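Have a look at the structure below before the remarks.
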Amino acid sequence: MYKFPKALEIPLADWVNTGMAWVMDNWGAFFDALGHVLLQMLIALQQFFLMIPWFVIIIGVGVAGWWLLGNWKRGLGMSAMLFIIGCFGYWKLTMMTLALVTGAVVISLAVGIPVGIWMARSDRVETIIKPILDAMQTMPSFVYLIPVMMLFGLGKVPALFATIIYSMPPIIRLTNVGIREVPKDVIEAARAFGATPMQTLFKVQLPLARPTIVVGINQTTMMALAMVVVASMIGAKGLGMEVLVAINRIDIGMGFEAGLSIVFLAIIIDRLTHAMAVRNTHDAK
């Protein structure tokens with residue numbers, strides 16, 4: 001009497017497993033080809049970052065920090081953080097992590113911004129997509145690893161997909177919010193002058209929503225970086241793998257070095273992207 005009736009239980013797990021089996025049987029070749037393309041993209045990004053001399057990247061980050069933040073001391077501090085990462089012996093792993101984050105962010109933006117625009121232009125679409133975004137943000141990140149491992153195996157590609165799923169919601173939400181917050185009288189004025197819906201979008205709404213969208217890019221980038229440790233569990237090499245190895249070995253020193261390197265990289269990316277958002281806000285005004 002006090003137990004929940006078994007007759008009312010929903011076999012959702014069985015349905016999901018059946019659906020995944022159907023996808024594997026009918027779409028396996030497609031996902032293999034997609035995985036190959038994405039793997040080549042990640043390898044090319046990784047080789048690009050490793051091809052650039054370390055001192056060029058350090059100087060470039062310092063100059064970018066000085067220019068965007070307007071303070072040479074902050075730029076010097078960012079360069080020092082990168083230099084310390086290199087002194088830890090994690091330069092190559094950092095570039096591998098940066099390649100994974102860059103690939104995830106580029107794909108997230110390529111998909112997320114159009115979806116955000118679609119949401120802003122349709123209340124019905126917004127109603128449908130919002131619960132999906134809620135699920136993407138609240139579901140434990142480890143759950144993402146199971147289906148992507150089934151579809152792509154172990155390595156960089158499933159880590160990329162798990163990172164994309166985790167990091168895409170902010171850019172979709174903030175693109176939607178930014179466009180919806182554009183004053184209606186401005187849109188009406190554009191239409192009164194004969195602007196088409198596409199002209200209104202690209203010449204009025206997106207430019208005015210740009211600061212909010214740039215903040216979304218910042219948040220997407222930071223969430224992608226936060227996923228690197230989890231992604232290392234399915235074979236994505238990088239700083240996250242070093243943290244995982246340190247946990248397995250109970251090596252406090254190794255874990256501290258790798259963790260501090262991730263913190264330094266996160267600070268650099270956050271400060272630079274946030275400065276871009278602030279600069280875009282001032283330009284918009």
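Labels for the structure tokens follow display order: chains A, B, ..., residues from 1 in each chain, ligands from 1.
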
Shell around Arg271 (chain A) at 10 Å using only C-alpha atoms, local window under 5 positions removed, as a ChimeraX atom specification | /A:65,68-69,74-75,78,218,266,276-277

Give one line per residue of region 180-248 of chain A that approaches region 43-49 of chain A to at most 12 Å, naming the two atoms of the closest pair and their distance in Å to one decimal, counting only C-alpha atoms; sort by chain then ascending residue number and deliver it as a Markdown table.
| residue | atom | partner | partner_atom | distance |
| --- | --- | --- | --- | --- |
| A:Ala236 | CA | A:Ile43 | CA | 11.9 |
| A:Lys237 | CA | A:Gln46 | CA | 11.1 |
| A:Gly238 | CA | A:Gln46 | CA | 10.8 |

Write the selection just made, keeping N, CA, C and O atoms, as a compact mmCIF listing (two decimals), in the first residue's frame?
# COMPACT_ATOMS: atom_id res chain seq x y z
N ALA A 236 39.62 13.02 -23.97
CA ALA A 236 40.06 14.30 -24.51
C ALA A 236 41.33 14.73 -23.77
O ALA A 236 41.29 15.04 -22.58
N LYS A 237 42.44 14.74 -24.46
CA LYS A 237 43.69 15.13 -23.82
C LYS A 237 43.71 16.63 -23.58
O LYS A 237 43.07 17.40 -24.27
N GLY A 238 44.47 17.03 -22.58
CA GLY A 238 44.57 18.44 -22.24
C GLY A 238 44.76 18.60 -20.75
O GLY A 238 45.10 17.66 -20.03

Using only C-alpha atoms: which of A:Phe83, A:Trp67, A:Phe88, A:Trp22 has the shortest distance to Glu257 (chain A) =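 The shortest atom-to-atom distance to Glu257 (chain A) comes from A:Phe88.
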
Residues within 8 Å of Asn176 (chain A), only C-alpha atoms, excluding chain neighbours under 3 positions, as a list in words | Gly116, Ile117, Trp118, Met119, Ala120, Ile172, Arg173, Ile179 and Arg180 of chain A

Would you please give, as a count of residues only, all residues of region 32-260 of chain A that DSSP assigns to alpha helix (DSSP H) based on the backbone?
-> 193

For Gly89 (chain A), find every residue with an atom within 10 Å (counting only C-alpha atoms), except residues of its own chain fewer than 5 positions away, and show them as a PDB file with C-alpha atoms, in the first residue's frame.
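To be explicit, this is the file written out as result.pdb:
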ATOM      1  CA  ILE A  84      53.842  30.294 -15.663  1.00  0.00           C
ATOM      2  CA  THR A  94      47.104  24.081 -22.745  1.00  0.00           C
ATOM      3  CA  GLU A 257      49.589  22.698 -11.048  1.00  0.00           C
ATOM      4  CA  ALA A 258      47.006  21.516 -13.586  1.00  0.00           C
TER       5      ALA A 258
END

A:Ile57, A:Ala135, A:Leu93, A:Val115: which is nearest Glu242 (chain A), counting only C-alpha atoms?
->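 Selected residue with least distance to Glu242 (chain A): A:Leu93.
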
Work out how far apart CA of Phe264 (chain A) and CA of Val215 (chain A) are and give it in Å to one decimal.
->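 If I compute the distance from CA of Phe264 (chain A) to CA of Val215 (chain A), I get 20.0 Å.
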
Coordinates-based distance that separates CA of Val228 (chain A) from CA of Val111 (chain A) (Å, one decimal) =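 CA of Val111 (chain A) sits 20.5 Å away from CA of Val228 (chain A).
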
Nearest to Met51 (chain A), chosen from A:Met95, A:Ala246, A:Ile171, A:Leu160, with only C-alpha atoms counted in the distances | A:Met95

Record the distance separating CA of Ile164 (chain A) and CA of Ala104 (chain A), expressed in Å with one decimal.
->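 Straight-line distance from CA of Ile164 (chain A) to CA of Ala104 (chain A) works out to 5.3 Å.
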
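The environment of region 181-195 of chain A within 9 Å, counting only C-alpha atoms and disregarding residues fewer than 6 places along the same chain, consists of Leu201, Val204, Gln205, Leu206, Leu208 and Ala209 of chain A.
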
Contacts of Leu76 (chain A) within 9 Å, only C-alpha atoms, excl. fewer than 2 positions in-chain, as an MDAnalysis selection string = chainID A and resid 59 61:63 65:66 71:74 78:81

Let's have the selection written as an mmCIF file, in the first residue's frame, with C-alpha atoms.
data_model
loop_
_atom_site.group_PDB
_atom_site.id
_atom_site.type_symbol
_atom_site.label_atom_id
_atom_site.label_comp_id
_atom_site.auth_asym_id
_atom_site.auth_seq_id
_atom_site.Cartn_x
_atom_site.Cartn_y
_atom_site.Cartn_z
ATOM 1 C CA ILE A 59 53.288 38.624 -26.308
ATOM 2 C CA VAL A 61 47.949 37.970 -25.216
ATOM 3 C CA GLY A 62 49.750 40.757 -23.379
ATOM 4 C CA VAL A 63 49.170 43.233 -26.204
ATOM 5 C CA GLY A 65 45.039 42.650 -22.768
ATOM 6 C CA TRP A 66 46.690 46.071 -22.848
ATOM 7 C CA ASN A 71 46.057 48.927 -18.739
ATOM 8 C CA TRP A 72 49.511 47.601 -19.589
ATOM 9 C CA LYS A 73 49.862 46.058 -16.124
ATOM 10 C CA ARG A 74 46.866 43.787 -16.716
ATOM 11 C CA MET A 78 48.053 37.843 -18.473
ATOM 12 C CA SER A 79 51.355 37.246 -20.224
ATOM 13 C CA ALA A 80 52.859 36.222 -16.888
ATOM 14 C CA MET A 81 50.054 33.709 -16.318
#
